[in-house]
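One structure below.
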Amino acid sequence: MGGQGTSLRRYALTRLVLVIPMVFILLTFVFLLMRVAPGDPITSSLGGRVPPEVVDEIKHDLGFDKPLYVQYVDYLGDIARGDFGTTITDRRQLGEIIRVNGAATLELTFFAMIVALVVGVTFGLIAGRFRDTWLDVGGRMFGIVIYAMPVFFIGLMAQLFFGSYLGWLPTSDRASPITQATLETHTNIFTIDALIERDGDAFVDVVKHLILPAVTLGLVTAGVFIRLIRVNVIRTMKDDYVEAARARGIDERSVVYHHAFRNALVPVITIVGLTVALLLSGAVLTETTFNWPGIGHTLILYLQNRDYTAVQGIIVVFALVVVAASVVIDFVNAYIDPRIRY
Amino acid sequence: MAVPVPSSVEPAQRTRLPGLRRALAPIADARGTTRTMLWLGVGITLAFILIALFAPLIAPYDFDTFQANGERFDQLEAPSTDHLMGTNVQSTDVLSRIIWGTQTELKVVLVSLFFSISIGVPLGLFAGYFGGKLDRALVLVMDALFVFPFLLLAIVIAFLLADKVGQGILSAAIAITVVYIPLYFRVVRNHTISIREEPFVEAARALGARPLTIIRKYVFFNVVQNVPPLATLNAADAILTLAALGFLGYGIQPTDGAEWGYDVNRAVSDAASGIWWTGLFPGLAIVLLVVGLTLLGEGLSETINPVLRKRPKAEADLSGSVAEAETP
């Protein structure tokens, strides 16, 4: 036991050390992309809109008049201190954007992930278990069609059907104006805020606003789960221990549920980690479709305003989130499966 | 006929044809649902290619035509005999935009596939075969690109290119290319590493073949088998990425050509007033083309991937319980 504990700790440490070059490369990549490629971000952002003296002043304020390598060191230092910068166009702190808009994205993606897991695991298991029957074909077709649907198209159809045709659910924003005005924000995650305030009406309102975007994003992500789980089930059904269980005379239902399914679901944790990047990409589109004020929608707005520092800051945040997710997933995997060690 | 065939060509042909037949054999062997999927995918994909090729003949109007015989079309007209799929806010014919859009989508995807394969595959081959520092550096960079949310990467590249070269087929294709290079790199590199250790490569090395010759003659043809299914699935993904770029306003300049994602974006504001035809049809076009390519790609990978392949003969001849015993 003790030996295993230390080896797990060693694995975790090694994994953490390996993150450093990855983060470093990502940050350098973003710097090259956002600061070096455009030449002069400030003029690109504000060019023609403000007088040249003001441009120079802002350049000086943000340190863009220093040599590139100094800017690069400053940039890395700032991020290490948790300072992601200030936007050029409206002088917002990136930290505040992450807190406010990031919370909206977190809320959306969390519920979307739940939808994805429920739909994906169910359909994936069924398709894999009944391979090559009409259930499998149906499940796989569903998986393929869902994958083929752009998230914004599902969103649009949902808006048309549940919003304007049936009139059941709101199709944009996180809450109705009244709730937005009255709800006291603690976490900026509205469902939690409503619960903290014990405000039932606000809670219902917030959940109603959440349903369409979360289901939309969740369904698209479910496609990935369906495919991978199906293949896993097929693979485990061929495995020796499933065969052995059958040979011992355990009845087929039990073999399927306790031996095949359980093992087929272990890699789901890894898939969850991989889908974080997918969810974030999907969130940009879902948020734009539903006017959800998350960080992805904010990114698009800043892109339209050509605000280079804002775009850079948000991209850095996205990159760090994805790297963090992959590390967490590796830890969880190593904890579950003792074979994964360095 | 009268043209003398140089005798040296013959052995080469003789060796290559069985190779081709061997490569196509799994497709001919495909049975059951896999076969259905494969052919359905071929059919849908082919249909779209034909639509793209014959767009000028099929499309009732140009993608930006908003009037005929000096008369402006109605805005947001519901589907009718004049406009089978209605018209949009700019009075252009939805059906015509979809047909011309097919051209745009396929062009962008072809260009981006060409770029990402011709960059990703050689990089993967060399990194995998030679290993060492170059390999490690490339893997790090590619992994970093790979963990990045792909759409964000594409958006940022498209945004930067829009600033420099403008929005068009080429910049959209480049944005998509950057996203997919790591995919080909990874698959080809990993496969190359395993092939490198095979006895026949060892033998070639022992005979004194130069690395380039080994890569070209022995490794490449083994590795390249993975590319068609990957590229087909990748094409499906690329369509989705392009549509997403278009939806966010970083696809094709609206004056340059019709693009489905852009059309769906314009339809979002119509949805509030219950107008469905401007969004439904271009959206369905995306879905159908992606489904076609996915079926094709999945069918291909399932017939080529031996792990998932079922042996058709055993399945056909033996009853289920005996067929199961055949698994080692």
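If you're wondering about the labels, chains in the structure tokens are A, B, ... by order shown, residues count from 1 in each chain, ligands from 1 in order shown.
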
Could you build a table of the residues in chain A lying no more than 8 Å from chain B, giving for each the nearest pair of atoms and their separation in Å rounded to one decimal place, using only C-alpha atoms, ordered by chain and ascending residue number, as CSV?
residue,atom,partner,partner_atom,distance
A:Met22,CA,B:Ala144,CA,6.1
A:Val23,CA,B:Ala144,CA,8.0
A:Ile25,CA,B:Ala144,CA,6.8
A:Leu26,CA,B:Ala144,CA,6.0
A:Ala37,CA,B:Leu160,CA,7.8
A:Pro38,CA,B:Leu160,CA,7.0
A:Asp132,CA,B:Thr33,CA,6.4
A:Val137,CA,B:Thr33,CA,7.2
A:Ile144,CA,B:Val291,CA,6.4
A:Val145,CA,B:Val291,CA,6.1
A:Ala148,CA,B:Val287,CA,5.1
A:Met149,CA,B:Val287,CA,5.2
A:Pro150,CA,B:Leu240,CA,6.3
A:Phe152,CA,B:Val264,CA,8.0
A:Phe153,CA,B:Gly283,CA,5.8
A:Leu156,CA,B:Val268,CA,6.2
A:Met157,CA,B:Leu280,CA,7.3
A:Gln159,CA,B:Ala271,CA,6.8
A:Leu160,CA,B:Ala271,CA,5.5
A:Gly163,CA,B:Ala272,CA,7.6
A:Ser164,CA,B:Gly274,CA,5.6
A:Tyr165,CA,B:Gly274,CA,6.7
A:Lys238,CA,B:Thr327,CA,7.3
A:Ala277,CA,B:Pro149,CA,4.6
A:Leu278,CA,B:Pro149,CA,6.3
A:Leu280,CA,B:Pro149,CA,6.7
A:Ser281,CA,B:Leu151,CA,5.4
A:Leu285,CA,B:Ala244,CA,7.3
A:Thr288,CA,B:Leu248,CA,7.9
A:Thr289,CA,B:Val268,CA,7.2
A:Ile300,CA,B:Leu248,CA,7.5
A:Leu303,CA,B:Phe159,CA,7.5
A:Ile315,CA,B:Leu152,CA,7.7
A:Phe318,CA,B:Pro149,CA,7.7
A:Ala319,CA,B:Phe148,CA,5.9
A:Val322,CA,B:Val147,CA,6.7
A:Val323,CA,B:Val147,CA,7.2

Restricting the output to N, CA and C atoms, write the selected residues as a compact mmCIF listing (two decimals), in the first residue's frame.
# COMPACT_ATOMS: atom_id res chain seq x y z
N MET A 22 4.55 22.37 -21.76
CA MET A 22 3.31 22.50 -22.54
C MET A 22 2.70 23.90 -22.39
N VAL A 23 2.59 24.35 -21.16
CA VAL A 23 2.03 25.68 -20.91
C VAL A 23 2.93 26.74 -21.54
N ILE A 25 4.90 26.46 -24.12
CA ILE A 25 4.73 26.48 -25.58
C ILE A 25 3.43 27.16 -25.97
N LEU A 26 2.37 26.83 -25.25
CA LEU A 26 1.08 27.42 -25.56
C LEU A 26 1.13 28.94 -25.40
N ALA A 37 2.53 38.60 -34.79
CA ALA A 37 1.95 38.52 -36.13
C ALA A 37 1.27 39.81 -36.58
N PRO A 38 0.45 40.43 -35.73
CA PRO A 38 -0.24 41.62 -36.23
C PRO A 38 0.64 42.86 -36.33
N ASP A 132 -24.88 -4.48 -34.59
CA ASP A 132 -25.40 -4.95 -35.86
C ASP A 132 -26.87 -5.31 -35.86
N VAL A 137 -27.83 0.16 -35.36
CA VAL A 137 -27.87 1.05 -36.51
C VAL A 137 -28.56 2.36 -36.12
N ILE A 144 -24.22 9.71 -35.38
CA ILE A 144 -23.61 10.38 -36.53
C ILE A 144 -24.36 11.67 -36.87
N VAL A 145 -25.69 11.59 -36.85
CA VAL A 145 -26.47 12.77 -37.20
C VAL A 145 -26.25 13.88 -36.17
N ALA A 148 -23.07 15.39 -36.78
CA ALA A 148 -23.07 16.17 -38.01
C ALA A 148 -23.80 17.50 -37.85
N MET A 149 -24.60 17.61 -36.79
CA MET A 149 -25.36 18.84 -36.62
C MET A 149 -24.49 19.91 -36.00
N PRO A 150 -24.31 21.01 -36.70
CA PRO A 150 -23.60 22.10 -36.04
C PRO A 150 -24.41 22.54 -34.83
N PHE A 152 -24.88 25.33 -33.61
CA PHE A 152 -25.72 26.51 -33.81
C PHE A 152 -26.98 26.18 -34.58
N PHE A 153 -26.93 25.10 -35.38
CA PHE A 153 -28.12 24.70 -36.12
C PHE A 153 -29.15 24.06 -35.18
N LEU A 156 -30.65 26.83 -33.30
CA LEU A 156 -31.62 27.59 -34.08
C LEU A 156 -32.95 26.85 -34.18
N MET A 157 -32.87 25.53 -34.43
CA MET A 157 -34.10 24.73 -34.53
C MET A 157 -34.83 24.70 -33.19
N GLN A 159 -34.71 27.00 -30.93
CA GLN A 159 -35.32 28.32 -30.75
C GLN A 159 -36.62 28.41 -31.53
N LEU A 160 -36.59 27.90 -32.78
CA LEU A 160 -37.78 27.97 -33.61
C LEU A 160 -38.92 27.17 -33.00
N GLY A 163 -39.11 27.96 -28.75
CA GLY A 163 -39.22 29.39 -28.50
C GLY A 163 -40.38 30.02 -29.24
N SER A 164 -40.26 30.11 -30.57
CA SER A 164 -41.29 30.89 -31.26
C SER A 164 -42.54 30.07 -31.61
N TYR A 165 -42.39 28.73 -31.82
CA TYR A 165 -43.58 27.95 -32.17
C TYR A 165 -44.39 27.59 -30.93
N LYS A 238 -15.49 -8.74 -26.24
CA LYS A 238 -14.62 -9.76 -26.81
C LYS A 238 -13.53 -10.17 -25.82
N ALA A 277 -12.15 20.47 -24.29
CA ALA A 277 -11.80 21.35 -25.40
C ALA A 277 -12.97 21.49 -26.36
N LEU A 278 -13.62 20.36 -26.61
CA LEU A 278 -14.77 20.35 -27.51
C LEU A 278 -15.91 21.20 -26.96
N LEU A 280 -15.67 23.68 -24.91
CA LEU A 280 -15.33 25.10 -24.97
C LEU A 280 -15.55 25.64 -26.38
N SER A 281 -15.13 24.85 -27.39
CA SER A 281 -15.39 25.27 -28.77
C SER A 281 -16.89 25.41 -29.00
N LEU A 285 -19.94 28.80 -29.86
CA LEU A 285 -21.04 28.83 -30.82
C LEU A 285 -22.39 28.91 -30.12
N THR A 288 -23.03 32.28 -28.71
CA THR A 288 -23.36 33.25 -29.74
C THR A 288 -24.80 33.06 -30.22
N THR A 289 -25.20 31.78 -30.36
CA THR A 289 -26.56 31.50 -30.83
C THR A 289 -27.61 31.98 -29.83
N ILE A 300 -15.97 36.60 -28.98
CA ILE A 300 -16.42 36.99 -30.32
C ILE A 300 -16.65 38.50 -30.40
N LEU A 303 -13.36 40.12 -30.63
CA LEU A 303 -12.79 39.89 -31.96
C LEU A 303 -13.38 40.91 -32.95
N ILE A 315 -7.85 33.82 -24.81
CA ILE A 315 -7.28 32.60 -25.38
C ILE A 315 -6.34 31.93 -24.38
N PHE A 318 -8.44 30.05 -21.97
CA PHE A 318 -8.94 28.81 -22.57
C PHE A 318 -7.85 27.74 -22.58
N ALA A 319 -6.65 28.15 -23.01
CA ALA A 319 -5.56 27.18 -23.09
C ALA A 319 -5.24 26.60 -21.73
N VAL A 322 -7.84 24.08 -20.58
CA VAL A 322 -7.73 22.79 -21.25
C VAL A 322 -6.56 21.97 -20.68
N VAL A 323 -5.42 22.63 -20.48
CA VAL A 323 -4.27 21.93 -19.92
C VAL A 323 -4.60 21.42 -18.51

Report as an mmCIF file with N, CA and C atoms, in the first residue's frame all protein, DNA and RNA residues lying within 12 Å of stretch 324-335 of chain A, evaluated on only C-alpha atoms, omitting residues in the same chain fewer than 3 positions from it.
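Output file result.cif is given in full below:
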data_model
loop_
_atom_site.group_PDB
_atom_site.id
_atom_site.type_symbol
_atom_site.label_atom_id
_atom_site.label_comp_id
_atom_site.auth_asym_id
_atom_site.auth_seq_id
_atom_site.Cartn_x
_atom_site.Cartn_y
_atom_site.Cartn_z
ATOM 1 N N GLN A 4 2.524 1.860 -3.219
ATOM 2 C CA GLN A 4 1.642 2.385 -4.257
ATOM 3 C C GLN A 4 1.410 3.883 -4.069
ATOM 4 N N GLY A 5 1.255 4.283 -2.795
ATOM 5 C CA GLY A 5 1.017 5.693 -2.518
ATOM 6 C C GLY A 5 2.152 6.556 -3.023
ATOM 7 N N THR A 6 3.386 6.153 -2.736
ATOM 8 C CA THR A 6 4.518 6.973 -3.176
ATOM 9 C C THR A 6 4.616 6.995 -4.693
ATOM 10 N N SER A 7 4.315 5.861 -5.355
ATOM 11 C CA SER A 7 4.451 5.848 -6.799
ATOM 12 C C SER A 7 3.384 6.730 -7.430
ATOM 13 N N LEU A 8 2.222 6.775 -6.795
ATOM 14 C CA LEU A 8 1.174 7.659 -7.308
ATOM 15 C C LEU A 8 1.608 9.111 -7.149
ATOM 16 N N ARG A 9 2.222 9.396 -5.974
ATOM 17 C CA ARG A 9 2.666 10.758 -5.737
ATOM 18 C C ARG A 9 3.755 11.127 -6.755
ATOM 19 N N ARG A 10 4.643 10.153 -7.020
ATOM 20 C CA ARG A 10 5.695 10.428 -7.981
ATOM 21 C C ARG A 10 5.115 10.687 -9.366
ATOM 22 N N TYR A 11 4.109 9.881 -9.704
ATOM 23 C CA TYR A 11 3.456 10.084 -11.003
ATOM 24 C C TYR A 11 2.875 11.490 -11.091
ATOM 25 N N ALA A 12 2.178 11.878 -10.031
ATOM 26 C CA ALA A 12 1.528 13.186 -10.032
ATOM 27 C C ALA A 12 2.556 14.298 -10.194
ATOM 28 N N LEU A 13 3.666 14.168 -9.486
ATOM 29 C CA LEU A 13 4.704 15.192 -9.574
ATOM 30 C C LEU A 13 5.301 15.261 -10.981
ATOM 31 N N THR A 14 5.623 14.079 -11.529
ATOM 32 C CA THR A 14 6.188 14.044 -12.878
ATOM 33 C C THR A 14 5.225 14.684 -13.868
ATOM 34 N N ARG A 15 3.959 14.333 -13.722
ATOM 35 C CA ARG A 15 2.944 14.859 -14.645
ATOM 36 C C ARG A 15 2.891 16.378 -14.535
ATOM 37 N N LEU A 16 2.971 16.887 -13.313
ATOM 38 C CA LEU A 16 2.910 18.332 -13.111
ATOM 39 C C LEU A 16 4.117 19.021 -13.745
ATOM 40 N N VAL A 17 5.282 18.392 -13.590
ATOM 41 C CA VAL A 17 6.487 18.984 -14.165
ATOM 42 C C VAL A 17 6.381 19.018 -15.688
ATOM 43 N N LEU A 18 5.779 17.963 -16.236
ATOM 44 C CA LEU A 18 5.639 17.896 -17.697
ATOM 45 C C LEU A 18 4.674 18.946 -18.240
ATOM 46 N N VAL A 19 3.826 19.480 -17.365
ATOM 47 C CA VAL A 19 2.883 20.501 -17.809
ATOM 48 C C VAL A 19 3.619 21.787 -18.165
ATOM 49 N N ILE A 20 4.717 22.030 -17.470
ATOM 50 C CA ILE A 20 5.408 23.311 -17.634
ATOM 51 C C ILE A 20 5.805 23.597 -19.095
ATOM 52 N N MET A 22 4.545 22.374 -21.763
ATOM 53 C CA MET A 22 3.308 22.497 -22.539
ATOM 54 C C MET A 22 2.705 23.896 -22.393
ATOM 55 N N VAL A 23 2.590 24.345 -21.160
ATOM 56 C CA VAL A 23 2.033 25.677 -20.911
ATOM 57 C C VAL A 23 2.927 26.745 -21.542
ATOM 58 N N VAL A 266 -14.978 2.739 -18.000
ATOM 59 C CA VAL A 266 -13.798 3.343 -17.370
ATOM 60 C C VAL A 266 -13.173 4.434 -18.246
ATOM 61 N N PRO A 267 -13.013 4.170 -19.564
ATOM 62 C CA PRO A 267 -12.395 5.217 -20.395
ATOM 63 C C PRO A 267 -13.247 6.470 -20.528
ATOM 64 N N VAL A 268 -14.492 6.416 -20.070
ATOM 65 C CA VAL A 268 -15.350 7.592 -20.190
ATOM 66 C C VAL A 268 -14.720 8.792 -19.486
ATOM 67 N N ILE A 269 -14.021 8.516 -18.386
ATOM 68 C CA ILE A 269 -13.375 9.606 -17.650
ATOM 69 C C ILE A 269 -12.382 10.326 -18.552
ATOM 70 N N THR A 270 -11.629 9.525 -19.311
ATOM 71 C CA THR A 270 -10.670 10.133 -20.238
ATOM 72 C C THR A 270 -11.410 10.948 -21.288
ATOM 73 N N ILE A 271 -12.517 10.391 -21.766
ATOM 74 C CA ILE A 271 -13.258 11.100 -22.810
ATOM 75 C C ILE A 271 -13.790 12.421 -22.272
ATOM 76 N N VAL A 272 -14.252 12.392 -21.011
ATOM 77 C CA VAL A 272 -14.742 13.630 -20.408
ATOM 78 C C VAL A 272 -13.649 14.692 -20.486
ATOM 79 N N GLY A 273 -12.419 14.267 -20.192
ATOM 80 C CA GLY A 273 -11.310 15.215 -20.254
ATOM 81 C C GLY A 273 -11.088 15.745 -21.659
ATOM 82 N N LEU A 274 -11.177 14.826 -22.623
ATOM 83 C CA LEU A 274 -10.953 15.245 -24.005
ATOM 84 C C LEU A 274 -12.054 16.168 -24.498
ATOM 85 N N THR A 275 -13.263 15.970 -23.962
ATOM 86 C CA THR A 275 -14.373 16.781 -24.466
ATOM 87 C C THR A 275 -14.368 18.185 -23.884
ATOM 88 N N VAL A 276 -13.507 18.452 -22.903
ATOM 89 C CA VAL A 276 -13.468 19.809 -22.357
ATOM 90 C C VAL A 276 -13.146 20.811 -23.460
ATOM 91 N N ALA A 277 -12.147 20.466 -24.292
ATOM 92 C CA ALA A 277 -11.798 21.351 -25.401
ATOM 93 C C ALA A 277 -12.972 21.487 -26.362
ATOM 94 N N LEU A 278 -13.621 20.360 -26.607
ATOM 95 C CA LEU A 278 -14.769 20.345 -27.510
ATOM 96 C C LEU A 278 -15.911 21.199 -26.957
ATOM 97 N N LEU A 279 -16.148 21.040 -25.651
ATOM 98 C CA LEU A 279 -17.206 21.810 -24.998
ATOM 99 C C LEU A 279 -16.922 23.302 -25.103
ATOM 100 N N LEU A 280 -15.666 23.677 -24.910
ATOM 101 C CA LEU A 280 -15.332 25.097 -24.971
ATOM 102 C C LEU A 280 -15.550 25.643 -26.376
ATOM 103 N N VAL A 317 -6.577 32.036 -21.212
ATOM 104 C CA VAL A 317 -7.424 31.385 -20.216
ATOM 105 C C VAL A 317 -7.943 30.049 -20.732
ATOM 106 N N PHE A 318 -8.440 30.053 -21.968
ATOM 107 C CA PHE A 318 -8.941 28.814 -22.568
ATOM 108 C C PHE A 318 -7.851 27.741 -22.576
ATOM 109 N N ALA A 319 -6.651 28.149 -23.010
ATOM 110 C CA ALA A 319 -5.556 27.184 -23.094
ATOM 111 C C ALA A 319 -5.239 26.605 -21.726
ATOM 112 N N LEU A 320 -5.178 27.466 -20.708
ATOM 113 C CA LEU A 320 -4.850 26.988 -19.365
ATOM 114 C C LEU A 320 -5.926 26.041 -18.842
ATOM 115 N N VAL A 321 -7.185 26.378 -19.124
ATOM 116 C CA VAL A 321 -8.275 25.506 -18.668
ATOM 117 C C VAL A 321 -8.128 24.117 -19.290
ATOM 118 N N PRO A 338 -3.845 1.333 -11.647
ATOM 119 C CA PRO A 338 -2.482 1.319 -11.119
ATOM 120 C C PRO A 338 -1.427 1.066 -12.188
ATOM 121 N N ARG A 339 -1.836 0.648 -13.401
ATOM 122 C CA ARG A 339 -0.844 0.405 -14.441
ATOM 123 C C ARG A 339 -0.273 1.700 -14.997
ATOM 124 N N ILE A 340 -1.039 2.792 -14.817
ATOM 125 C CA ILE A 340 -0.563 4.072 -15.355
ATOM 126 C C ILE A 340 0.375 4.725 -14.355
ATOM 127 N N ARG A 341 1.656 4.570 -14.575
ATOM 128 C CA ARG A 341 2.668 5.218 -13.724
ATOM 129 C C ARG A 341 3.872 5.496 -14.595
ATOM 130 N N TYR A 342 4.661 6.443 -14.167
ATOM 131 C CA TYR A 342 5.896 6.660 -14.933
ATOM 132 C C TYR A 342 6.983 5.738 -14.421
ATOM 133 N N ASP B 143 1.383 18.620 -29.897
ATOM 134 C CA ASP B 143 0.500 18.343 -28.766
ATOM 135 C C ASP B 143 -0.118 19.623 -28.231
ATOM 136 N N ALA B 144 0.717 20.657 -28.191
ATOM 137 C CA ALA B 144 0.204 21.941 -27.715
ATOM 138 C C ALA B 144 -0.911 22.433 -28.632
ATOM 139 N N PHE B 146 -2.702 20.566 -30.451
ATOM 140 C CA PHE B 146 -3.789 19.594 -30.398
ATOM 141 C C PHE B 146 -4.704 19.810 -29.194
ATOM 142 N N VAL B 147 -4.124 20.205 -28.058
ATOM 143 C CA VAL B 147 -4.973 20.386 -26.875
ATOM 144 C C VAL B 147 -5.769 21.680 -26.990
ATOM 145 N N PHE B 148 -5.321 22.569 -27.814
ATOM 146 C CA PHE B 148 -6.010 23.836 -27.968
ATOM 147 C C PHE B 148 -7.401 23.593 -28.546
#

request  = Write out as a PyMOL selection string which residues come within 12 Å of stretch 194-198 of chain A when counting only C-alpha atoms, dropping same-chain ones fewer than 3 positions away.
outcome  = chain A and resi 175+179-180+182-191+201-207

task = Using only C-alpha atoms, determine which residues lie at most 7 Å from stretch 82-95 of chain B, disregarding the query and same-chain residues fewer than 6 positions distant; provide the list as a ChimeraX atom specification.
result = /B:64-66,73-76,277-278

task = Point out the residue among B:Met142, B:Ala175, B:Leu233, B:Leu207 with the least atom-to-atom distance to A:Phe29, counting only C-alpha atoms.
result = B:Met142

query = So how far away is atom CA of A:Gly282 from atom CA of A:Pro177, in Å?
reply =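 Rounded to one decimal, the two atoms are 25.7 Å apart.
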
task = Would you please work out which residue, of B:Ala47, B:Ala238, B:Leu296, B:Ala203, is nearest to B:Val111 when using only C-alpha atoms?
result = B:Ala238

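Closest approach to B:Asn222 among B:Val201, B:Ala209, B:Ile252, B:Ala235 is made by B:Val201 (distances from only C-alpha atoms).
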